[in-house]
Amino acid sequence: MGQTVLKIALAGLLHDIGKFAQGSIDIPKQYANDNAGQYQPFYNNRHTHIHALYTAAFIEQFADKLPKQLNKAGWGDGDSFINLAAGHHKPETAMQWLVTQADRISSGLDRATFDDGEKIAFQNFKKTRLLPLFEGLGVDRMADYEQRSDFQYRYPLAPLSSGSVFPLRQTEKSLQGEAAREYQILFDSFANQLGKLQHQDTDIELWINHLDSLLLTCTAMIPAARVGDVIHDVSLYDHARTTAAFASALYAYHRENDSLNEKAIRDSSPDKFLLVTGDFYGIQDFIFSAGGEMKKFRSKILRGRSFAVSLFSELAADMLCRELGLSFLSVVFNAAGKFTLLAHNTESSRKIVATVEEKINDWLFDVSCGQASLGIAMTPGSPSQFYCNEYGKLHDLHIQAVQDRKKQKLNLEKYSGAIDGYLQAFDATLDHPLCSLCGKRPATAQASRDHAALGNNTISACPTCRDHVMLGTWIVKSERLAVVDSDVPSTSARELLRPLFGQYQVKFIKKTALQDDTATDKKVLKMWQVSVNADGTLFSDITMRPLNGYVPLYRKEDEDDDCLLEGKRTEEKTLELIDQINRGEPKTFTHIALKAKTRNSAGKCVSGTEAIGVLKADVDNLGLLMGCGLPEKRFTLSRLATLSRQLDGFFSIYLPNLLAGSDNFKDVYTVFAGGDDLFLIGPWNRMAYLATYLQERFAEYVCGNGDITFSAGITLHKSHVPVDKLAQAAEEALEQSKDAEYAEGRKKNSVTMFGQTVKWTEFKALLENRDAMQSWLDKQYISSSMMYRFNHLITLAEREKIATKGGDVYMDDLDAMKWRAMFGYSVQRNIKSSLKNEERSRAVQDVSMMAAWMDKYGAAVRIPLWHLLYDKR
């Protein structure tokens, strides 16, 4: 990547930094007099767009916290950096016009609209808060959200964190008093962290990665447009990122076509841009694949595969950008195994994309035996097609191209038949040439003897499985990693035997020894903090990229938990548990299952089924919402970028912090969570309550918008069940929820547990019924045997409901019609005999509620009943 591309991309990223700095830094009067004419347009007898002047002032005033290139001549070709970044409202050169056009396209505006002046008083800009796109999202809702006064929610003006991602019900008027103070605190936090960023003087490309992360943290809650007659629902960060992407693509296009002049740059008719979307197929099959005997390493391999998949998406996008000569700022979406970047539409670009796709697929086929692959779709577009009222058509074309690409997930002409060299790859000198962990790939001596990763176990391992064990081990021990440009296998216990895509080496590093850990003769491409901070904040001195979910570790309190010792508190078991606590080891699935057992007041195990629960969920109708939920005049790339990032934030930022900080859910394990879905494993009897809590919080997250919902499936398993079986059962439960259809005609927005599918409101009511059933046992109204009798009566009630649905009842179903009489008889016979008079009548009345629930919910009453019975078993 050339330095000029990097400079233009950074100028696009920082072109509106003045909007952030405005009011928080002082500009001397002489500086304003000397520079207003250079950076500010003159309109209605005054200089407008003062934020451009603040952009220039910021670059100069914070020179000591910025790389020296930004305030020094000779960096890249053409204009100085300060003029590129600050001159976008009064461009005077071709290079400045690149950023100007990018700014306009990112805003989705044509020139006449863009230069139409400011309608809202300038002095009120700090009263403006970011509006949540979620509130007005939906085919039937968009007409009700045309003006900012239609919105009842605002995002807090605060750094991005697990808490601030939630919008609050408030109006502009209620926020005016705090505006100046909140802006000042936010900017001061930014300025303080800016000086702490690594690589300021050593590697400008890495530093820009870190800066982008800091800008996300500090400007994701600031609206990009704060004056004028606008709906301020696009964040300053997302506008800046898309501007950087457009500017880079414009420069690359005109450079390659030898047309770097103002006239050509301002021409909006040619197809200058190339939307490039990469979509990984078969990812869940890859994560949950089984075949070998991997019980001892199951949780590590599962963590490692899941994390590897996160790396796939990040690094595939990175490889494309590097081969295209673009920076990482050209990536506009990246979540849940799918990414979209903006490139220049030239013949060489299209060839490069095809070459990279083939290279990645060759590598994926080798390591996944054809389970995973990458499909890339490309759609050309002109600048005018990214404007309001036009981008929707281009977006539809691109989505269709993405869908068409899915029809050929694997090149069968190239990859069908026997795998070349497969049999020859087996090492006959090994006792077990086949990898014991995956049961598919040839084992190697180097991987099998890696005791640092595999321990002292005598096991045959292939390099891929060894790498997954290594990733699964270190991702919970080190929250930082470096990605190095290297195709050489490593012998280090914290690095890969098989670099990703044949060129990306991953190295886990320590915060206290950052320089020593990354000492290498190879170029460091990325340096990430992969976990949100313990307090839920995203501040870091390197790039914050929360790819890692939450993993429950052994804690000091577990030392006194008899359930974890399976009721056998021997000295050996106790010492083993203390060792796991001291080393901060992740809990095994067996111990997570044991956490489901019921304890008495002394902490002793008394009852309960030892099992794990799997919760799988994803957002309903997301494609429809993204494609049709915004009106045409607001359908822009920057809004889609904001929407995609904000949706991902619930799963990747909020959820891990929730699990880590909750006493009820701290033993729940994140397999994956990001984009629009999640897959969690935890003690089975916590998962129903976690699901309802997440559904309630998600409703708050989307401003109570009933058009944005998610569905879930919950399944129970013994801890030794193979992971592919866990995934299959959870997927089937989720699909059952997605297929649910109700009398009012609405589908989805449901949850399935114990094979029963209900709406979320019913699920919550049923869980409350479970508490009522528990109280009957606590008060000794009835015994546990009566609970099992209820199970039979539910079956009869279900048969009756089915039999009477069509009107005619057959003889074989007549016995089901008497369930109510059987219910009344059973209750009277089984109510505790010592209860007399009013006390007995009250008990009969309470327990008889069960019949009403069976009438109302039918077979779904099994949800609370079975939940209780499994807890008592």
# chains A, B, ... in the order shown; residues from 1 in each chain; ligands from 1
>>> select_by_dssp(residues="range 378-466 of chain A", states="helix (DSSP H, G or I)", output="VMD selection string")
chain A and resid 383 to 386 391 to 406 412 to 415 423 to 425 445 to 448 451 to 454 463 to 466
>>> select_by_dssp(residues="range 328-421 of chain A", states="strand (DSSP E)", output="VMD selection string")
chain A and resid 331 to 335 338 to 344 373 to 381
>>> atom_distance(atom1="CA of Val619 in chain A", atom2="CA of Ile708 in chain A")
7.4 Å
>>> atom_distance(atom1="CA of Tyr153 in chain A", atom2="CA of Gly136 in chain A")
10.3 Å
>>> residues_around(residues="Arg873 in chain A", least_positions_apart="6", cutoff="7 Å", atoms="only C-alpha atoms", output="list in words")
Ser607, Gly608 and Thr609 of chain A
>>> residues_around(residues="His254 in chain A", least_positions_apart="3", cutoff="10 Å", atoms="only C-alpha atoms", output="PyMOL selection string")
chain A and resi 98+249-251+257-261+264-265+272+344+346
>>> write_last_selection(atoms="N, CA and C atoms", output="mmCIF file, in the first residue's frame")
data_model
loop_
_atom_site.group_PDB
_atom_site.id
_atom_site.type_symbol
_atom_site.label_atom_id
_atom_site.label_comp_id
_atom_site.auth_asym_id
_atom_site.auth_seq_id
_atom_site.Cartn_x
_atom_site.Cartn_y
_atom_site.Cartn_z
ATOM 1 N N LEU A 98 -10.893 15.027 -4.036
ATOM 2 C CA LEU A 98 -11.138 13.621 -3.699
ATOM 3 C C LEU A 98 -11.878 13.503 -2.363
ATOM 4 N N ALA A 249 -10.961 4.912 -2.711
ATOM 5 C CA ALA A 249 -11.371 4.292 -3.967
ATOM 6 C C ALA A 249 -11.311 5.293 -5.122
ATOM 7 N N LEU A 250 -11.731 6.533 -4.861
ATOM 8 C CA LEU A 250 -11.657 7.559 -5.905
ATOM 9 C C LEU A 250 -10.219 7.798 -6.342
ATOM 10 N N TYR A 251 -9.325 7.915 -5.370
ATOM 11 C CA TYR A 251 -7.924 8.147 -5.710
ATOM 12 C C TYR A 251 -7.364 6.988 -6.538
ATOM 13 N N ASN A 257 -6.529 5.314 -13.951
ATOM 14 C CA ASN A 257 -7.038 5.764 -15.247
ATOM 15 C C ASN A 257 -6.376 7.062 -15.708
ATOM 16 N N ASP A 258 -5.339 7.480 -14.971
ATOM 17 C CA ASP A 258 -4.591 8.685 -15.321
ATOM 18 C C ASP A 258 -5.521 9.884 -15.504
ATOM 19 N N SER A 259 -6.427 10.064 -14.537
ATOM 20 C CA SER A 259 -7.410 11.153 -14.649
ATOM 21 C C SER A 259 -7.539 11.914 -13.335
ATOM 22 N N LEU A 260 -6.419 12.135 -12.672
ATOM 23 C CA LEU A 260 -6.446 12.867 -11.403
ATOM 24 C C LEU A 260 -6.563 14.369 -11.659
ATOM 25 N N ASN A 261 -7.750 14.783 -12.101
ATOM 26 C CA ASN A 261 -8.014 16.198 -12.312
ATOM 27 C C ASN A 261 -9.410 16.514 -11.813
ATOM 28 N N ALA A 264 -12.612 15.348 -13.925
ATOM 29 C CA ALA A 264 -12.872 13.906 -13.901
ATOM 30 C C ALA A 264 -13.338 13.461 -12.524
ATOM 31 N N ILE A 265 -12.745 14.010 -11.467
ATOM 32 C CA ILE A 265 -13.122 13.622 -10.103
ATOM 33 C C ILE A 265 -14.555 14.017 -9.801
ATOM 34 N N LYS A 272 -17.198 4.199 -10.917
ATOM 35 C CA LYS A 272 -15.868 4.317 -10.317
ATOM 36 C C LYS A 272 -15.657 3.340 -9.161
ATOM 37 N N HIS A 344 -11.925 0.326 -6.023
ATOM 38 C CA HIS A 344 -11.998 1.043 -7.288
ATOM 39 C C HIS A 344 -12.364 0.064 -8.396
ATOM 40 N N THR A 346 -11.842 -1.182 -11.524
ATOM 41 C CA THR A 346 -10.953 -1.306 -12.670
ATOM 42 C C THR A 346 -10.773 -2.789 -12.979
#
>>> residues_around(residues="Asp815 in chain A", least_positions_apart="6", cutoff="10 Å", atoms="only C-alpha atoms", output="PyMOL selection string")
chain A and resi 796+799-800
>>> residues_around(residues="Phe823 in chain A", least_positions_apart="2", cutoff="8 Å", atoms="only C-alpha atoms", output="PDB file with C-alpha atoms, in the first residue's frame")
ATOM      1  CA  PHE A 790     -49.670 -33.675  35.409  1.00  0.00           C
ATOM      2  CA  LEU A 793     -52.762 -35.047  31.762  1.00  0.00           C
ATOM      3  CA  TRP A 819     -58.717 -35.066  31.232  1.00  0.00           C
ATOM      4  CA  ARG A 820     -60.479 -32.304  33.209  1.00  0.00           C
ATOM      5  CA  ALA A 821     -62.420 -34.822  35.265  1.00  0.00           C
ATOM      6  CA  TYR A 825     -60.158 -36.178  40.851  1.00  0.00           C
ATOM      7  CA  SER A 826     -56.334 -36.350  41.082  1.00  0.00           C
ATOM      8  CA  VAL A 827     -56.078 -32.998  42.806  1.00  0.00           C
ATOM      9  CA  ALA A 851     -55.972 -26.863  34.514  1.00  0.00           C
TER      10      ALA A 851
END
>>> residues_around(residues="Leu496 in chain A", least_positions_apart="3", cutoff="8 Å", atoms="only C-alpha atoms", output="PDB file with N, CA and C atoms, in the first residue's frame")
ATOM      1  N   ASP A 467      -3.339 -25.976  16.255  1.00  0.00           N
ATOM      2  CA  ASP A 467      -3.502 -24.521  16.263  1.00  0.00           C
ATOM      3  C   ASP A 467      -4.798 -24.110  16.950  1.00  0.00           C
ATOM      4  N   MET A 470      -4.268 -24.390  20.590  1.00  0.00           N
ATOM      5  CA  MET A 470      -3.431 -23.272  21.015  1.00  0.00           C
ATOM      6  C   MET A 470      -4.259 -21.993  21.129  1.00  0.00           C
ATOM      7  N   PRO A 489       5.857 -21.430   9.442  1.00  0.00           N
ATOM      8  CA  PRO A 489       5.316 -22.070  10.654  1.00  0.00           C
ATOM      9  C   PRO A 489       6.184 -21.745  11.862  1.00  0.00           C
ATOM     10  N   SER A 490       5.554 -21.568  13.003  1.00  0.00           N
ATOM     11  CA  SER A 490       6.291 -21.189  14.204  1.00  0.00           C
ATOM     12  C   SER A 490       6.450 -22.386  15.139  1.00  0.00           C
ATOM     13  N   THR A 491       7.493 -22.342  15.923  1.00  0.00           N
ATOM     14  CA  THR A 491       7.714 -23.356  16.954  1.00  0.00           C
ATOM     15  C   THR A 491       7.310 -22.847  18.331  1.00  0.00           C
ATOM     16  N   SER A 492       6.831 -21.598  18.389  1.00  0.00           N
ATOM     17  CA  SER A 492       6.425 -21.015  19.667  1.00  0.00           C
ATOM     18  C   SER A 492       5.087 -21.586  20.110  1.00  0.00           C
ATOM     19  N   PRO A 499       0.175 -20.702   9.403  1.00  0.00           N
ATOM     20  CA  PRO A 499      -0.293 -19.314   9.309  1.00  0.00           C
ATOM     21  C   PRO A 499      -1.591 -19.231   8.510  1.00  0.00           C
ATOM     22  N   GLN A 505       0.580 -14.833  10.509  1.00  0.00           N
ATOM     23  CA  GLN A 505       0.962 -15.474  11.752  1.00  0.00           C
ATOM     24  C   GLN A 505       0.316 -14.723  12.909  1.00  0.00           C
ATOM     25  N   VAL A 506      -0.192 -15.453  13.884  1.00  0.00           N
ATOM     26  CA  VAL A 506      -0.840 -14.868  15.054  1.00  0.00           C
ATOM     27  C   VAL A 506       0.035 -15.103  16.271  1.00  0.00           C
ATOM     28  N   LYS A 507       0.253 -14.061  17.038  1.00  0.00           N
ATOM     29  CA  LYS A 507       1.130 -14.160  18.206  1.00  0.00           C
ATOM     30  C   LYS A 507       0.466 -13.496  19.401  1.00  0.00           C
TER      31      LYS A 507
END
>>> closest_residue(among="A:Ser149, A:Thr243, A:Ser313, A:Thr761", to="Phe333 in chain A", atoms="only C-alpha atoms")
A:Ser313
>>> closest_residue(among="A:Asp535, A:Asp560, A:Glu205, A:Asp233", to="Phe134 in chain A", atoms="only C-alpha atoms")
A:Asp233
>>> atom_distance(atom1="CA of Ile542 in chain A", atom2="CA of Asp64 in chain A")
17.9 Å
>>> closest_residue(among="A:Glu838, A:Asp562, A:Glu632, A:Asp648", to="Glu146 in chain A", atoms="only C-alpha atoms")
A:Glu632
>>> closest_residue(among="A:Thr219, A:Ser531, A:Gln30, A:Thr636", to="Leu14 in chain A", atoms="only C-alpha atoms")
A:Thr219
